[in-house]
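Chemist: Here it is, the structure in full.
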Amino acid sequence: MTDRPLNLSIIVGSSREGRFGPTIAQWFEAKARERAELAVHVVDTAETRLPATLGAPATHPSAAEATATLAESDAFVVVTPEYNHSYPGTLKNLIDSHYEQWQAKPVGFVSYGGVSGGLRAVEHLRAVFAELHAVGIRDTVSFHNPWGHVDGTGALTGPPGADVAASVLLDRLTWWGTALRDARTVRPYAG
């Protein structure tokens, strides 16, 4: 249908002081940027000023920028920590502040946390995105206790298997993103 690169938005879900999310997101962003078929964008919940009340007008320029980026996206990867067996409130606010931007587009997940590696947060997010008519990608990247996998420059170095998991996730995301973009071109999605 079209040969233009797929617009992939990586969403950094944590906004906590001293957060580890940017380290994980930068690692994944580097993997995604290795692929010529992807045009990579980052939406960081810590830098996006959305109203605390849903439905209230978004007046900060960062909110309009995030909305435009999400609307132009063909696929998403959510980088999320696990807080109290779920995902952060700022991520929920970003998700709930948008609707049609998610529809008929694939969503992949990169999670991190303690023993569970953030997988409980991902399971909650799958249900939320299904309600928004997005297509969840089964394959994920999960970092269990990732804080020990950082080199002297602060870059993520592992753990073993993470590179392969990222490659599989990007393969699946690219397939679904292309298929759904082509489908939306032929027949716009009416959610």
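Letters A, B, ... go to the chains of the structure tokens in the order shown; residues in each chain start at 1; ligands are counted from 1 in the same order.
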Near stretch 112-122 of chain A, counting only C-alpha atoms, which residues have an atom at most 10 Å away, once you skip same-chain residues fewer than 6 positions from it, shown as a PDB file with N, CA and C atoms, in the first residue's frame?
Modeler:
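That gives us selection33.pdb:
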ATOM      1  N   PHE A  20      13.495   5.156  36.531  1.00  0.00           N
ATOM      2  CA  PHE A  20      14.390   4.346  35.721  1.00  0.00           C
ATOM      3  C   PHE A  20      13.864   4.221  34.288  1.00  0.00           C
ATOM      4  N   GLY A  21      12.636   4.664  34.065  1.00  0.00           N
ATOM      5  CA  GLY A  21      11.985   4.545  32.765  1.00  0.00           C
ATOM      6  C   GLY A  21      12.767   5.090  31.594  1.00  0.00           C
ATOM      7  N   ILE A  24      15.363   2.550  30.327  1.00  0.00           N
ATOM      8  CA  ILE A  24      14.750   1.456  29.559  1.00  0.00           C
ATOM      9  C   ILE A  24      14.293   1.985  28.198  1.00  0.00           C
ATOM     10  N   VAL A  78       4.590   0.921  24.889  1.00  0.00           N
ATOM     11  CA  VAL A  78       4.477   1.533  26.209  1.00  0.00           C
ATOM     12  C   VAL A  78       5.580   0.972  27.092  1.00  0.00           C
ATOM     13  N   VAL A  79       6.414   1.845  27.612  1.00  0.00           N
ATOM     14  CA  VAL A  79       7.452   1.465  28.565  1.00  0.00           C
ATOM     15  C   VAL A  79       6.903   1.789  29.948  1.00  0.00           C
ATOM     16  N   THR A  80       6.663   0.758  30.738  1.00  0.00           N
ATOM     17  CA  THR A  80       6.003   0.981  32.024  1.00  0.00           C
ATOM     18  C   THR A  80       6.682   0.254  33.177  1.00  0.00           C
ATOM     19  N   PRO A  81       6.748   0.920  34.311  1.00  0.00           N
ATOM     20  CA  PRO A  81       7.147   0.221  35.534  1.00  0.00           C
ATOM     21  C   PRO A  81       5.898  -0.429  36.129  1.00  0.00           C
ATOM     22  N   GLU A  82       6.116  -1.184  37.160  1.00  0.00           N
ATOM     23  CA  GLU A  82       4.997  -1.718  37.932  1.00  0.00           C
ATOM     24  C   GLU A  82       4.987  -1.025  39.282  1.00  0.00           C
ATOM     25  N   TYR A  83       3.897  -0.319  39.557  1.00  0.00           N
ATOM     26  CA  TYR A  83       3.702   0.332  40.848  1.00  0.00           C
ATOM     27  C   TYR A  83       2.512  -0.337  41.517  1.00  0.00           C
ATOM     28  N   ASN A  84       2.730  -0.945  42.661  1.00  0.00           N
ATOM     29  CA  ASN A  84       1.634  -1.549  43.424  1.00  0.00           C
ATOM     30  C   ASN A  84       0.790  -2.504  42.579  1.00  0.00           C
ATOM     31  N   HIS A  85       1.454  -3.379  41.829  1.00  0.00           N
ATOM     32  CA  HIS A  85       0.833  -4.401  40.990  1.00  0.00           C
ATOM     33  C   HIS A  85       0.098  -3.829  39.783  1.00  0.00           C
ATOM     34  N   SER A  86       0.387  -2.591  39.392  1.00  0.00           N
ATOM     35  CA  SER A  86      -0.257  -2.007  38.220  1.00  0.00           C
ATOM     36  C   SER A  86       0.678  -0.974  37.587  1.00  0.00           C
ATOM     37  N   TYR A  87       0.127  -0.087  36.789  1.00  0.00           N
ATOM     38  CA  TYR A  87       0.923   0.903  36.074  1.00  0.00           C
ATOM     39  C   TYR A  87       0.673   2.298  36.653  1.00  0.00           C
ATOM     40  N   PRO A  88       1.507   3.268  36.316  1.00  0.00           N
ATOM     41  CA  PRO A  88       1.422   4.607  36.919  1.00  0.00           C
ATOM     42  C   PRO A  88       0.174   5.393  36.510  1.00  0.00           C
ATOM     43  N   VAL A 128      -7.097  -2.383  29.180  1.00  0.00           N
ATOM     44  CA  VAL A 128      -7.399  -0.978  28.896  1.00  0.00           C
ATOM     45  C   VAL A 128      -7.313  -0.716  27.395  1.00  0.00           C
ATOM     46  N   THR A 140       6.362  -9.473  24.557  1.00  0.00           N
ATOM     47  CA  THR A 140       6.775  -8.319  25.347  1.00  0.00           C
ATOM     48  C   THR A 140       8.265  -8.390  25.644  1.00  0.00           C
ATOM     49  N   VAL A 141       8.762  -7.300  26.198  1.00  0.00           N
ATOM     50  CA  VAL A 141      10.108  -7.267  26.760  1.00  0.00           C
ATOM     51  C   VAL A 141       9.912  -6.941  28.232  1.00  0.00           C
ATOM     52  N   SER A 142      10.503  -7.750  29.094  1.00  0.00           N
ATOM     53  CA  SER A 142      10.312  -7.568  30.536  1.00  0.00           C
ATOM     54  C   SER A 142      11.657  -7.614  31.245  1.00  0.00           C
ATOM     55  N   PHE A 143      11.882  -6.599  32.079  1.00  0.00           N
ATOM     56  CA  PHE A 143      13.133  -6.513  32.832  1.00  0.00           C
ATOM     57  C   PHE A 143      12.848  -6.741  34.309  1.00  0.00           C
ATOM     58  N   HIS A 144      13.370  -7.838  34.825  1.00  0.00           N
ATOM     59  CA  HIS A 144      13.234  -8.172  36.238  1.00  0.00           C
ATOM     60  C   HIS A 144      14.451  -7.605  36.975  1.00  0.00           C
ATOM     61  N   ASN A 145      14.208  -6.746  37.951  1.00  0.00           N
ATOM     62  CA  ASN A 145      15.297  -6.109  38.705  1.00  0.00           C
ATOM     63  C   ASN A 145      16.383  -5.553  37.781  1.00  0.00           C
ATOM     64  N   PRO A 146      16.040  -4.612  36.905  1.00  0.00           N
ATOM     65  CA  PRO A 146      16.992  -4.153  35.883  1.00  0.00           C
ATOM     66  C   PRO A 146      18.097  -3.240  36.395  1.00  0.00           C
ATOM     67  N   TRP A 147      17.993  -2.771  37.607  1.00  0.00           N
ATOM     68  CA  TRP A 147      18.916  -1.773  38.123  1.00  0.00           C
ATOM     69  C   TRP A 147      20.365  -2.257  38.142  1.00  0.00           C
TER      70      TRP A 147
END
Chemist: Where in stretch 32-122 of chain A does DSSP assign strand (DSSP E), given as an mmCIF file with C-alpha atoms, in the first residue's frame?
Modeler:
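File written: result-v4.cif
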data_model
loop_
_atom_site.group_PDB
_atom_site.id
_atom_site.type_symbol
_atom_site.label_atom_id
_atom_site.label_comp_id
_atom_site.auth_asym_id
_atom_site.auth_seq_id
_atom_site.Cartn_x
_atom_site.Cartn_y
_atom_site.Cartn_z
ATOM 1 C CA LEU A 38 10.327 2.778 11.528
ATOM 2 C CA ALA A 39 10.149 6.514 12.243
ATOM 3 C CA VAL A 40 10.516 6.701 16.019
ATOM 4 C CA HIS A 41 8.974 9.320 18.317
ATOM 5 C CA VAL A 42 8.929 9.519 22.124
ATOM 6 C CA VAL A 43 6.085 10.719 24.326
ATOM 7 C CA ASP A 44 7.188 11.093 27.948
ATOM 8 C CA ALA A 75 2.006 1.814 16.366
ATOM 9 C CA PHE A 76 2.921 2.254 20.020
ATOM 10 C CA VAL A 77 5.258 0.753 22.591
ATOM 11 C CA VAL A 78 4.477 1.533 26.209
ATOM 12 C CA VAL A 79 7.452 1.465 28.565
ATOM 13 C CA THR A 80 6.003 0.981 32.024
ATOM 14 C CA PRO A 81 7.147 0.221 35.534
ATOM 15 C CA PRO A 106 -0.970 -2.097 17.621
ATOM 16 C CA VAL A 107 0.434 -1.584 21.110
ATOM 17 C CA GLY A 108 3.501 -3.380 22.403
ATOM 18 C CA PHE A 109 4.843 -3.371 25.945
ATOM 19 C CA VAL A 110 8.258 -3.063 27.561
ATOM 20 C CA SER A 111 8.014 -3.412 31.319
ATOM 21 C CA TYR A 112 10.299 -3.364 34.288
ATOM 22 C CA GLY A 113 10.116 -3.880 38.007
#
Chemist: Pick out the residues sitting within 12 Å of A:Thr157, and hand them over as a PyMOL selection string; count only C-alpha atoms, and ignore anything fewer than 4 positions along from it in its own chain.
Modeler: chain A and resi 23-24+26-28+143+146-153+161-163
Chemist: Would you export the selected residues with N, CA, C and O atoms as a short mmCIF file (atom, residue, chain, number, x, y, z; two decimals), in the first residue's frame, please?
Modeler:
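Generated output (selection.cif):
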data_model
loop_
_atom_site.label_atom_id
_atom_site.label_comp_id
_atom_site.auth_asym_id
_atom_site.auth_seq_id
_atom_site.Cartn_x
_atom_site.Cartn_y
_atom_site.Cartn_z
N THR A 23 15.90 5.20 31.11
CA THR A 23 17.00 4.28 30.79
C THR A 23 16.49 3.13 29.93
O THR A 23 17.09 2.78 28.90
N ILE A 24 15.36 2.55 30.33
CA ILE A 24 14.75 1.46 29.56
C ILE A 24 14.29 1.98 28.20
O ILE A 24 14.53 1.35 27.16
N GLN A 26 15.32 4.57 26.44
CA GLN A 26 16.45 4.89 25.55
C GLN A 26 17.03 3.62 24.94
O GLN A 26 17.42 3.60 23.77
N TRP A 27 17.11 2.57 25.74
CA TRP A 27 17.61 1.29 25.23
C TRP A 27 16.70 0.79 24.10
O TRP A 27 17.16 0.43 23.03
N PHE A 28 15.39 0.81 24.36
CA PHE A 28 14.44 0.32 23.35
C PHE A 28 14.41 1.25 22.13
O PHE A 28 14.33 0.78 20.99
N PHE A 143 11.88 -6.60 32.08
CA PHE A 143 13.13 -6.51 32.83
C PHE A 143 12.85 -6.74 34.31
O PHE A 143 12.18 -5.93 34.94
N PRO A 146 16.04 -4.61 36.90
CA PRO A 146 16.99 -4.15 35.88
C PRO A 146 18.10 -3.24 36.39
O PRO A 146 19.06 -2.99 35.68
N TRP A 147 17.99 -2.77 37.61
CA TRP A 147 18.92 -1.77 38.12
C TRP A 147 20.36 -2.26 38.14
O TRP A 147 21.28 -1.45 38.10
N GLY A 148 20.58 -3.55 38.15
CA GLY A 148 21.94 -4.10 38.12
C GLY A 148 22.50 -4.30 36.73
O GLY A 148 23.60 -4.80 36.56
N HIS A 149 21.73 -3.93 35.71
CA HIS A 149 22.16 -4.12 34.32
C HIS A 149 22.44 -2.78 33.64
O HIS A 149 21.97 -2.51 32.54
N VAL A 150 23.23 -1.96 34.31
CA VAL A 150 23.57 -0.63 33.79
C VAL A 150 25.09 -0.49 33.81
O VAL A 150 25.74 -0.87 34.77
N ASP A 151 25.63 0.08 32.71
CA ASP A 151 27.08 0.24 32.66
C ASP A 151 27.49 1.57 33.32
O ASP A 151 26.65 2.30 33.85
N GLY A 152 28.76 1.91 33.24
CA GLY A 152 29.29 3.10 33.88
C GLY A 152 28.75 4.41 33.32
O GLY A 152 28.80 5.45 33.97
N THR A 153 28.19 4.37 32.11
CA THR A 153 27.62 5.58 31.50
C THR A 153 26.14 5.73 31.81
O THR A 153 25.51 6.70 31.40
N GLY A 161 18.98 -12.10 26.63
CA GLY A 161 17.67 -12.35 26.04
C GLY A 161 16.86 -11.10 25.73
O GLY A 161 15.90 -11.15 24.97
N ALA A 162 17.25 -9.98 26.29
CA ALA A 162 16.49 -8.74 26.07
C ALA A 162 16.57 -8.29 24.62
O ALA A 162 15.57 -7.85 24.05
N ASP A 163 17.73 -8.41 24.00
CA ASP A 163 17.87 -8.01 22.60
C ASP A 163 16.98 -8.85 21.70
O ASP A 163 16.34 -8.32 20.78
#
Chemist: What's around A:Gly55 at 10 Å? Count only C-alpha atoms, leave out sequence neighbours fewer than 4 positions away in its own chain, and write the answer as a list in words.
Modeler: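 Contacts, in chain order: Pro51, Asp96, Ser97 and His98 of chain A.
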Chemist: Find, counting only C-alpha atoms, the residue in A:Ala64, A:Val164, A:Leu180, A:Ala155 that gets nearest to A:Ala104.
Modeler: A:Leu180
Chemist: Taking into account only C-alpha atoms, which residue in the set A:Ala71, A:Leu173, A:Ala30, A:Ala166 is nearest to A:Val135?
Modeler: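 Closest residue, counting only C-alpha atoms: A:Leu173.
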Chemist: Using only C-alpha atoms, which residue out of A:Leu6, A:Ile95, A:Ile137, A:Ala46 lies closest to A:Val168?
Modeler: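 Going through A:Leu6, A:Ile95, A:Ile137, A:Ala46 one by one, the smallest distance to A:Val168 is for A:Ile137.
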Chemist: Residues at most 12 Å from A:Ser62, counting only C-alpha atoms, excluding those fewer than 2 positions away in the same chain, as a PyMOL selection string?
Modeler: chain A and resi 43-51+58-60+64-69+94
Chemist: For atom CA of A:Pro159 and atom CA of A:Ala32, determine how far apart the two atoms are, in Å to one decimal place.
Modeler: 17.7 Å
Chemist: From the DSSP assignment of the backbone, select every residue of stretch 67-136 of chain A that is alpha helix (DSSP H), and format the answer as an MDAnalysis selection string.
Modeler: chainID A and resid 67:72 89:96 119:131
Chemist: I'd like to know which of A:Pro5, A:Ala130, A:Lys92, A:Leu70 is closest to A:Gly191, using only C-alpha atoms.
Modeler: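 Residue with the minimum atom-to-atom distance to A:Gly191: A:Ala130.
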Chemist: Determine the nearest neighbour of A:Gly177 from the options A:Ala190, A:Ala36, A:Ala134, A:Ala63, counting only C-alpha atoms.
Modeler: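 The closest residue to A:Gly177 is A:Ala134.
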Chemist: Select, from A:Tyr99, A:Leu8, A:Asp74, A:Ala127, the residue with the minimum atom-to-atom distance to A:Ala183, counting only C-alpha atoms.
Modeler: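 Looking at the shortest contact to A:Ala183, the residue is A:Asp74.
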